[in-house]
>>> print(open('start.pdb').read())   # PDB, C-alpha atoms, pLDDT in the B column
ATOM      1  CA  MET A   1     -43.046  72.857  42.277  1.00 89.00           C
ATOM      2  CA  LYS A   2     -44.635  73.250  45.694  1.00 94.00           C
ATOM      3  CA  VAL A   3     -46.243  70.164  47.239  1.00 95.00           C
ATOM      4  CA  GLY A   4     -48.587  70.299  50.244  1.00 97.00           C
ATOM      5  CA  ILE A   5     -49.307  67.202  52.307  1.00 97.00           C
ATOM      6  CA  THR A   6     -52.029  66.660  54.899  1.00 98.00           C
ATOM      7  CA  PHE A   7     -52.950  63.462  56.688  1.00 97.00           C
ATOM      8  CA  GLY A   8     -55.514  62.100  59.086  1.00 95.00           C
ATOM      9  CA  GLY A   9     -57.776  59.260  60.049  1.00 95.00           C
ATOM     10  CA  TYR A  10     -60.846  61.214  58.901  1.00 96.00           C
ATOM     11  CA  CYS A  11     -63.158  59.326  61.219  1.00 95.00           C
ATOM     12  CA  PRO A  12     -65.090  61.415  60.270  1.00 96.00           C
ATOM     13  CA  MET A  13     -63.674  64.177  58.086  1.00 97.00           C
ATOM     14  CA  HIS A  14     -64.708  67.556  59.475  1.00 96.00           C
ATOM     15  CA  GLN A  15     -64.303  71.278  58.896  1.00 95.00           C
ATOM     16  CA  GLY A  16     -60.941  71.365  60.679  1.00 94.00           C
ATOM     17  CA  HIS A  17     -59.591  68.795  58.214  1.00 95.00           C
ATOM     18  CA  LEU A  18     -61.046  70.728  55.303  1.00 96.00           C
ATOM     19  CA  ASP A  19     -59.381  73.936  56.547  1.00 94.00           C
ATOM     20  CA  LEU A  20     -55.997  72.158  56.497  1.00 94.00           C
ATOM     21  CA  ILE A  21     -56.580  70.751  53.031  1.00 97.00           C
ATOM     22  CA  MET A  22     -57.739  74.077  51.595  1.00 96.00           C
ATOM     23  CA  LYS A  23     -54.753  75.911  53.096  1.00 96.00           C
ATOM     24  CA  ALA A  24     -52.395  73.316  51.617  1.00 97.00           C
ATOM     25  CA  LYS A  25     -54.164  73.548  48.264  1.00 97.00           C
ATOM     26  CA  LYS A  26     -54.068  77.348  48.238  1.00 97.00           C
ATOM     27  CA  GLU A  27     -50.354  77.565  49.060  1.00 98.00           C
ATOM     28  CA  ASN A  28     -49.108  74.773  46.773  1.00 97.00           C
ATOM     29  CA  ASP A  29     -49.222  73.522  43.208  1.00 95.00           C
ATOM     30  CA  ILE A  30     -50.375  70.072  44.266  1.00 95.00           C
ATOM     31  CA  CYS A  31     -51.845  68.718  47.492  1.00 97.00           C
ATOM     32  CA  PHE A  32     -51.727  65.145  48.767  1.00 97.00           C
ATOM     33  CA  VAL A  33     -54.406  64.089  51.234  1.00 98.00           C
ATOM     34  CA  VAL A  34     -53.243  60.975  53.092  1.00 98.00           C
ATOM     35  CA  VAL A  35     -56.027  58.863  54.623  1.00 98.00           C
ATOM     36  CA  CYS A  36     -54.423  56.664  57.248  1.00 96.00           C
ATOM     37  CA  GLY A  37     -55.404  54.247  59.972  1.00 95.00           C
ATOM     38  CA  TYR A  38     -55.554  50.661  61.130  1.00 94.00           C
ATOM     39  CA  ASP A  39     -57.703  47.647  60.354  1.00 90.00           C
ATOM     40  CA  ASN A  40     -60.449  47.045  62.924  1.00 89.00           C
ATOM     41  CA  GLU A  41     -60.213  50.405  64.667  1.00 89.00           C
ATOM     42  CA  PRO A  42     -62.941  50.401  67.345  1.00 86.00           C
ATOM     43  CA  ARG A  43     -63.691  54.115  66.891  1.00 87.00           C
ATOM     44  CA  ALA A  44     -64.183  53.570  63.157  1.00 88.00           C
ATOM     45  CA  ASP A  45     -65.926  50.212  63.269  1.00 87.00           C
ATOM     46  CA  GLU A  46     -68.624  51.394  65.671  1.00 87.00           C
ATOM     47  CA  ILE A  47     -69.863  53.926  63.117  1.00 90.00           C
ATOM     48  CA  GLY A  48     -69.126  51.842  60.016  1.00 92.00           C
ATOM     49  CA  LEU A  49     -66.186  53.899  58.733  1.00 95.00           C
ATOM     50  CA  THR A  50     -63.518  51.361  57.834  1.00 95.00           C
ATOM     51  CA  LEU A  51     -60.235  52.676  56.474  1.00 96.00           C
ATOM     52  CA  LYS A  52     -61.183  51.645  52.930  1.00 96.00           C
ATOM     53  CA  ARG A  53     -64.549  53.363  53.242  1.00 96.00           C
ATOM     54  CA  ARG A  54     -62.960  56.581  54.558  1.00 97.00           C
ATOM     55  CA  PHE A  55     -60.461  56.509  51.695  1.00 97.00           C
ATOM     56  CA  SER A  56     -63.299  56.020  49.217  1.00 97.00           C
ATOM     57  CA  LEU A  57     -65.323  58.912  50.690  1.00 97.00           C
ATOM     58  CA  VAL A  58     -62.368  61.311  50.682  1.00 98.00           C
ATOM     59  CA  LYS A  59     -61.429  60.294  47.140  1.00 97.00           C
ATOM     60  CA  GLN A  60     -65.038  60.852  46.040  1.00 96.00           C
ATOM     61  CA  MET A  61     -65.056  64.284  47.694  1.00 96.00           C
ATOM     62  CA  PHE A  62     -62.095  65.492  45.669  1.00 97.00           C
ATOM     63  CA  LYS A  63     -62.618  63.491  42.457  1.00 97.00           C
ATOM     64  CA  ASN A  64     -63.069  66.620  40.328  1.00 97.00           C
ATOM     65  CA  ASP A  65     -60.193  68.551  41.877  1.00 97.00           C
ATOM     66  CA  GLU A  66     -57.109  68.105  39.718  1.00 96.00           C
ATOM     67  CA  GLN A  67     -54.898  69.752  42.334  1.00 97.00           C
ATOM     68  CA  ILE A  68     -55.716  67.237  45.089  1.00 97.00           C
ATOM     69  CA  ARG A  69     -54.551  63.633  45.108  1.00 97.00           C
ATOM     70  CA  VAL A  70     -55.804  61.201  47.732  1.00 98.00           C
ATOM     71  CA  ILE A  71     -53.716  58.254  48.912  1.00 97.00           C
ATOM     72  CA  MET A  72     -54.289  55.626  51.588  1.00 97.00           C
ATOM     73  CA  VAL A  73     -51.879  54.271  54.187  1.00 97.00           C
ATOM     74  CA  ASN A  74     -52.910  51.131  56.062  1.00 97.00           C
ATOM     75  CA  ASP A  75     -50.797  51.240  59.211  1.00 96.00           C
ATOM     76  CA  THR A  76     -51.688  47.612  60.028  1.00 95.00           C
ATOM     77  CA  GLU A  77     -50.263  46.387  56.715  1.00 96.00           C
ATOM     78  CA  LEU A  78     -47.093  48.399  57.381  1.00 96.00           C
ATOM     79  CA  GLY A  79     -46.749  46.675  60.760  1.00 94.00           C
ATOM     80  CA  ILE A  80     -46.595  49.900  62.733  1.00 93.00           C
ATOM     81  CA  ASP A  81     -48.323  50.619  66.015  1.00 89.00           C
ATOM     82  CA  GLU A  82     -49.687  53.830  67.516  1.00 85.00           C
ATOM     83  CA  SER A  83     -46.525  54.574  69.507  1.00 84.00           C
ATOM     84  CA  MET A  84     -45.311  57.284  67.092  1.00 83.00           C
ATOM     85  CA  SER A  85     -41.781  55.905  67.460  1.00 88.00           C
ATOM     86  CA  GLU A  86     -39.023  57.155  65.185  1.00 88.00           C
ATOM     87  CA  SER A  87     -38.911  53.831  63.314  1.00 89.00           C
ATOM     88  CA  ASN A  88     -42.697  53.956  62.767  1.00 92.00           C
ATOM     89  CA  TRP A  89     -42.355  57.444  61.299  1.00 91.00           C
ATOM     90  CA  ASP A  90     -39.549  56.229  58.997  1.00 90.00           C
ATOM     91  CA  ILE A  91     -41.685  53.362  57.675  1.00 93.00           C
ATOM     92  CA  TRP A  92     -44.751  55.588  57.352  1.00 94.00           C
ATOM     93  CA  LEU A  93     -42.942  58.427  55.538  1.00 93.00           C
ATOM     94  CA  ASP A  94     -41.222  56.015  53.143  1.00 91.00           C
ATOM     95  CA  TYR A  95     -44.583  54.483  52.280  1.00 94.00           C
ATOM     96  CA  VAL A  96     -46.255  57.868  51.745  1.00 94.00           C
ATOM     97  CA  GLU A  97     -43.416  58.851  49.427  1.00 90.00           C
ATOM     98  CA  SER A  98     -43.796  55.610  47.450  1.00 90.00           C
ATOM     99  CA  GLN A  99     -47.540  56.192  47.006  1.00 93.00           C
ATOM    100  CA  MET A 100     -47.133  59.642  45.472  1.00 90.00           C
ATOM    101  CA  ASN A 101     -46.424  57.919  42.129  1.00 77.00           C
ATOM    102  CA  ILE A 102     -44.442  60.766  40.629  1.00 70.00           C
ATOM    103  CA  GLU A 103     -40.956  60.674  39.217  1.00 68.00           C
ATOM    104  CA  TRP A 104     -39.369  63.104  41.657  1.00 62.00           C
ATOM    105  CA  ASP A 105     -36.360  65.252  41.089  1.00 65.00           C
ATOM    106  CA  TYR A 106     -36.167  66.415  44.701  1.00 61.00           C
ATOM    107  CA  MET A 107     -34.271  69.564  43.830  1.00 68.00           C
ATOM    108  CA  ASP A 108     -37.324  70.841  41.946  1.00 83.00           C
ATOM    109  CA  TYR A 109     -39.844  70.307  44.761  1.00 87.00           C
ATOM    110  CA  GLU A 110     -40.634  71.875  48.105  1.00 91.00           C
ATOM    111  CA  PHE A 111     -42.643  69.660  50.461  1.00 93.00           C
ATOM    112  CA  THR A 112     -44.767  71.334  53.138  1.00 96.00           C
ATOM    113  CA  TRP A 113     -46.749  69.331  55.675  1.00 96.00           C
ATOM    114  CA  TYR A 114     -49.895  70.869  57.163  1.00 97.00           C
ATOM    115  CA  VAL A 115     -50.938  69.560  60.578  1.00 95.00           C
ATOM    116  CA  GLY A 116     -53.482  70.474  63.220  1.00 91.00           C
ATOM    117  CA  GLU A 117     -51.850  68.694  66.168  1.00 90.00           C
ATOM    118  CA  PRO A 118     -48.754  70.092  67.940  1.00 90.00           C
ATOM    119  CA  HIS A 119     -47.261  66.619  68.532  1.00 89.00           C
ATOM    120  CA  TYR A 120     -47.190  66.041  64.755  1.00 92.00           C
ATOM    121  CA  VAL A 121     -45.208  69.260  64.330  1.00 92.00           C
ATOM    122  CA  SER A 122     -42.475  68.079  66.683  1.00 90.00           C
ATOM    123  CA  ALA A 123     -42.408  64.539  65.217  1.00 89.00           C
ATOM    124  CA  LEU A 124     -42.126  65.769  61.622  1.00 92.00           C
ATOM    125  CA  ASN A 125     -39.552  68.419  62.551  1.00 89.00           C
ATOM    126  CA  ARG A 126     -37.436  65.706  64.211  1.00 87.00           C
ATOM    127  CA  LYS A 127     -37.628  63.630  61.022  1.00 86.00           C
ATOM    128  CA  MET A 128     -36.751  66.677  58.912  1.00 81.00           C
ATOM    129  CA  ASP A 129     -33.720  67.379  61.110  1.00 75.00           C
ATOM    130  CA  ASP A 130     -32.530  63.716  61.065  1.00 71.00           C
ATOM    131  CA  ASP A 131     -29.115  63.384  59.480  1.00 52.00           C
ATOM    132  CA  ILE A 132     -28.188  65.148  56.312  1.00 52.00           C
ATOM    133  CA  ILE A 133     -30.009  62.431  54.400  1.00 55.00           C
ATOM    134  CA  GLY A 134     -33.349  62.801  56.238  1.00 53.00           C
ATOM    135  CA  PRO A 135     -36.664  62.226  54.511  1.00 57.00           C
ATOM    136  CA  PRO A 136     -36.599  64.158  51.236  1.00 72.00           C
ATOM    137  CA  ILE A 137     -40.337  64.810  51.426  1.00 87.00           C
ATOM    138  CA  ILE A 138     -40.199  67.176  54.414  1.00 89.00           C
ATOM    139  CA  ASP A 139     -38.950  70.705  53.826  1.00 91.00           C
ATOM    140  CA  LYS A 140     -41.324  72.563  56.112  1.00 94.00           C
ATOM    141  CA  VAL A 141     -44.049  71.812  58.668  1.00 95.00           C
ATOM    142  CA  VAL A 142     -46.951  74.238  59.129  1.00 95.00           C
ATOM    143  CA  TYR A 143     -49.161  74.098  62.202  1.00 94.00           C
ATOM    144  CA  VAL A 144     -52.715  75.253  61.542  1.00 91.00           C
ATOM    145  CA  ASP A 145     -54.419  76.240  64.788  1.00 87.00           C
ATOM    146  CA  ARG A 146     -57.986  75.071  65.292  1.00 79.00           C
ATOM    147  CA  GLU A 147     -59.166  78.356  66.802  1.00 80.00           C
ATOM    148  CA  GLU A 148     -61.468  79.053  63.882  1.00 77.00           C
ATOM    149  CA  ASN A 149     -62.958  75.550  63.903  1.00 78.00           C
ATOM    150  CA  PRO A 150     -62.461  74.013  67.341  1.00 87.00           C
ATOM    151  CA  VAL A 151     -63.744  70.541  66.496  1.00 92.00           C
ATOM    152  CA  SER A 152     -62.311  67.047  66.497  1.00 92.00           C
ATOM    153  CA  ALA A 153     -63.488  63.684  65.223  1.00 93.00           C
ATOM    154  CA  THR A 154     -63.786  62.509  68.840  1.00 93.00           C
ATOM    155  CA  MET A 155     -66.102  65.415  69.670  1.00 94.00           C
ATOM    156  CA  ILE A 156     -68.226  64.563  66.634  1.00 95.00           C
ATOM    157  CA  ARG A 157     -68.425  60.841  67.468  1.00 94.00           C
ATOM    158  CA  GLU A 158     -69.497  61.723  71.014  1.00 95.00           C
ATOM    159  CA  ASN A 159     -72.146  64.264  69.949  1.00 95.00           C
ATOM    160  CA  PRO A 160     -72.810  64.281  66.200  1.00 95.00           C
ATOM    161  CA  ILE A 161     -75.973  66.409  66.477  1.00 94.00           C
ATOM    162  CA  LYS A 162     -74.100  69.234  68.216  1.00 96.00           C
ATOM    163  CA  TYR A 163     -71.391  69.283  65.526  1.00 96.00           C
ATOM    164  CA  TRP A 164     -73.540  68.328  62.532  1.00 96.00           C
ATOM    165  CA  ASN A 165     -72.549  71.399  60.497  1.00 95.00           C
ATOM    166  CA  LYS A 166     -68.852  70.616  61.031  1.00 95.00           C
ATOM    167  CA  ILE A 167     -69.075  67.094  59.513  1.00 96.00           C
ATOM    168  CA  ALA A 168     -67.992  66.861  55.858  1.00 96.00           C
ATOM    169  CA  TRP A 169     -71.097  66.065  53.816  1.00 95.00           C
ATOM    170  CA  PRO A 170     -70.245  62.517  52.598  1.00 95.00           C
ATOM    171  CA  PHE A 171     -69.554  61.444  56.176  1.00 96.00           C
ATOM    172  CA  ARG A 172     -72.897  62.653  57.564  1.00 95.00           C
ATOM    173  CA  GLN A 173     -74.690  59.519  56.430  1.00 93.00           C
ATOM    174  CA  TYR A 174     -72.777  57.542  59.090  1.00 93.00           C
ATOM    175  CA  PHE A 175     -74.413  59.619  61.816  1.00 91.00           C
ATOM    176  CA  SER A 176     -77.999  59.493  60.599  1.00 87.00           C
ATOM    177  CA  THR A 177     -80.788  57.032  59.968  1.00 80.00           C
ATOM    178  CA  ASN A 178     -83.314  57.299  57.192  1.00 73.00           C
ATOM    179  CA  ILE A 179     -86.859  56.461  58.186  1.00 76.00           C
ATOM    180  CA  LEU A 180     -89.743  56.126  55.776  1.00 77.00           C
ATOM    181  CA  ILE A 181     -93.172  56.842  57.229  1.00 85.00           C
ATOM    182  CA  THR A 182     -96.217  56.076  55.159  1.00 85.00           C
ATOM    183  CA  GLY A 183     -99.749  56.498  56.166  1.00 76.00           C
TER     184      GLY A 183
END
>>> encode(input="start.pdb", output="structure tokens")
Amino acid sequence: MKVGITFGGYCPMHQGHLDLIMKAKKENDICFVVVCGYDNEPRADEIGLTLKRRFSLVKQMFKNDEQIRVIMVNDTELGIDESMSESNWDIWLDYVESQMNIEWDYMDYEFTWYVGEPHYVSALNRKMDDDIIGPPIIDKVVYVDREENPVSATMIRENPIKYWNKIAWPFRQYFSTNILITG
């Protein structure tokens, strides 16, 4: 069985994220979407997108898709920082594996990670190449270039109007205000 894995903070989820997820879904039998982040992230708190809320929105987006499974990783609860150290990756990958909730026979699975950032490619490749033991949930890492959808969550947070059509629909509400005018 082929397993695709994508991950992100999704603050907000945008077309670039969706491209990764759809590629992983198309090329695999099952796709895990990992929503990750920290408690009290300033970038998330300022627009009202806590980690739990982002997880809920992503889960709602894919609720009718039997091929996609959404899991959450709270980096604060794991005690890891944003340094991307080797030990942080070990803790993070072990936790992701534990959240997949499937009785794995690793010989029957091929795990492919889909990423849109070059530094994630090198970090995951290092983990894949670690020892003979290495993390059993990394067989291949695929970099998906953002040429087709050159957008980032930072760009959206800085100018949501300009990138409105790139924001995934359930996340748009965090960049708009409803006003009722009666007269």
>>> residues_around(input="start.pdb", residues="Val144 in chain A", least_positions_apart="2", cutoff="7 Å", atoms="only C-alpha atoms", output="VMD selection string")
chain A and resid 20 114 to 116 142 146
>>> closest_residue(input="start.pdb", among="A:Asp81, A:Asp29, A:Gly9, A:Trp113", to="Arg53 in chain A", atoms="all atoms listed in the file")
A:Gly9
>>> resolve_selection(input="start.pdb", expression="the PyMOL selection byres ((chain A and resi 158-164) around 12)", output="PyMOL selection string")
chain A and resi 11-16+43+46-47+149-157+165-176
>>> atom_distance(input="start.pdb", atom1="CA of Lys59 in chain A", atom2="CA of Lys25 in chain A")
15.2 Å
>>> atom_distance(input="start.pdb", atom1="CA of Val33 in chain A", atom2="CA of Leu124 in chain A")
16.2 Å
>>> resolve_selection(input="start.pdb", expression="the PyMOL selection byres ((chain A and resi 2-5) around 6)", output="MDAnalysis selection string")
chainID A and resid 1 6 24 28:32 109:113
>>> write_last_selection(input="start.pdb", atoms="C-alpha atoms", output="tab-separated table (two decimals), in the frame of the given file")
chain	number	residue	atom	x	y	z
A	1	MET	CA	-43.05	72.86	42.28
A	6	THR	CA	-52.03	66.66	54.90
A	24	ALA	CA	-52.40	73.32	51.62
A	28	ASN	CA	-49.11	74.77	46.77
A	29	ASP	CA	-49.22	73.52	43.21
A	30	ILE	CA	-50.38	70.07	44.27
A	31	CYS	CA	-51.84	68.72	47.49
A	32	PHE	CA	-51.73	65.14	48.77
A	109	TYR	CA	-39.84	70.31	44.76
A	110	GLU	CA	-40.63	71.88	48.10
A	111	PHE	CA	-42.64	69.66	50.46
A	112	THR	CA	-44.77	71.33	53.14
A	113	TRP	CA	-46.75	69.33	55.68
>>> resolve_selection(input="start.pdb", expression="the PyMOL selection byres ((chain A and resi 51) around 8)", output="number ranges by chain")
A: 9, 35-39, 44, 49-50, 52-55, 74
>>> closest_residue(input="start.pdb", among="A:Glu41, A:Met100, A:His17, A:Phe7", to="Glu82 in chain A", atoms="all atoms listed in the file")
A:Glu41
>>> axis_aligned_box(input="start.pdb", around="range 26-41 of chain A", padding_each_side="4 Å", output="AutoDock Vina command-line options")
--center_x -54.8 --center_y 62.3 --center_z 53.9 --size_x 19.3 --size_y 38.5 --size_z 29.5
>>> atom_distance(input="start.pdb", atom1="CA of Glu77 in chain A", atom2="CA of Lys140 in chain A")
27.7 Å
>>> closest_residue(input="start.pdb", among="A:Leu180, A:Ile138, A:Ile71, A:Lys23", to="Gln99 in chain A", atoms="all atoms listed in the file")
A:Ile71
>>> residues_around(input="start.pdb", residues="Gly79 in chain A", least_positions_apart="3", cutoff="10 Å", atoms="all atoms listed in the file", output="list in words")
Tyr38, Asn74, Asp75, Thr76, Asn88, Ile91 and Trp92 of chain A
>>> write_last_selection(input="start.pdb", atoms="C-alpha atoms", output="PDB file, in the coordinates of the input")
ATOM      1  CA  TYR A  38     -55.554  50.661  61.130  1.00 94.00           C
ATOM      2  CA  ASN A  74     -52.910  51.131  56.062  1.00 97.00           C
ATOM      3  CA  ASP A  75     -50.797  51.240  59.211  1.00 96.00           C
ATOM      4  CA  THR A  76     -51.688  47.612  60.028  1.00 95.00           C
ATOM      5  CA  ASN A  88     -42.697  53.956  62.767  1.00 92.00           C
ATOM      6  CA  ILE A  91     -41.685  53.362  57.675  1.00 93.00           C
ATOM      7  CA  TRP A  92     -44.751  55.588  57.352  1.00 94.00           C
TER       8      TRP A  92
END
>>> residues_around(input="start.pdb", residues="Met128 in chain A", least_positions_apart="2", cutoff="12 Å", atoms="all atoms listed in the file", output="MDAnalysis selection string")
chainID A and resid 86 89:90 93 111:113 120:126 130:141
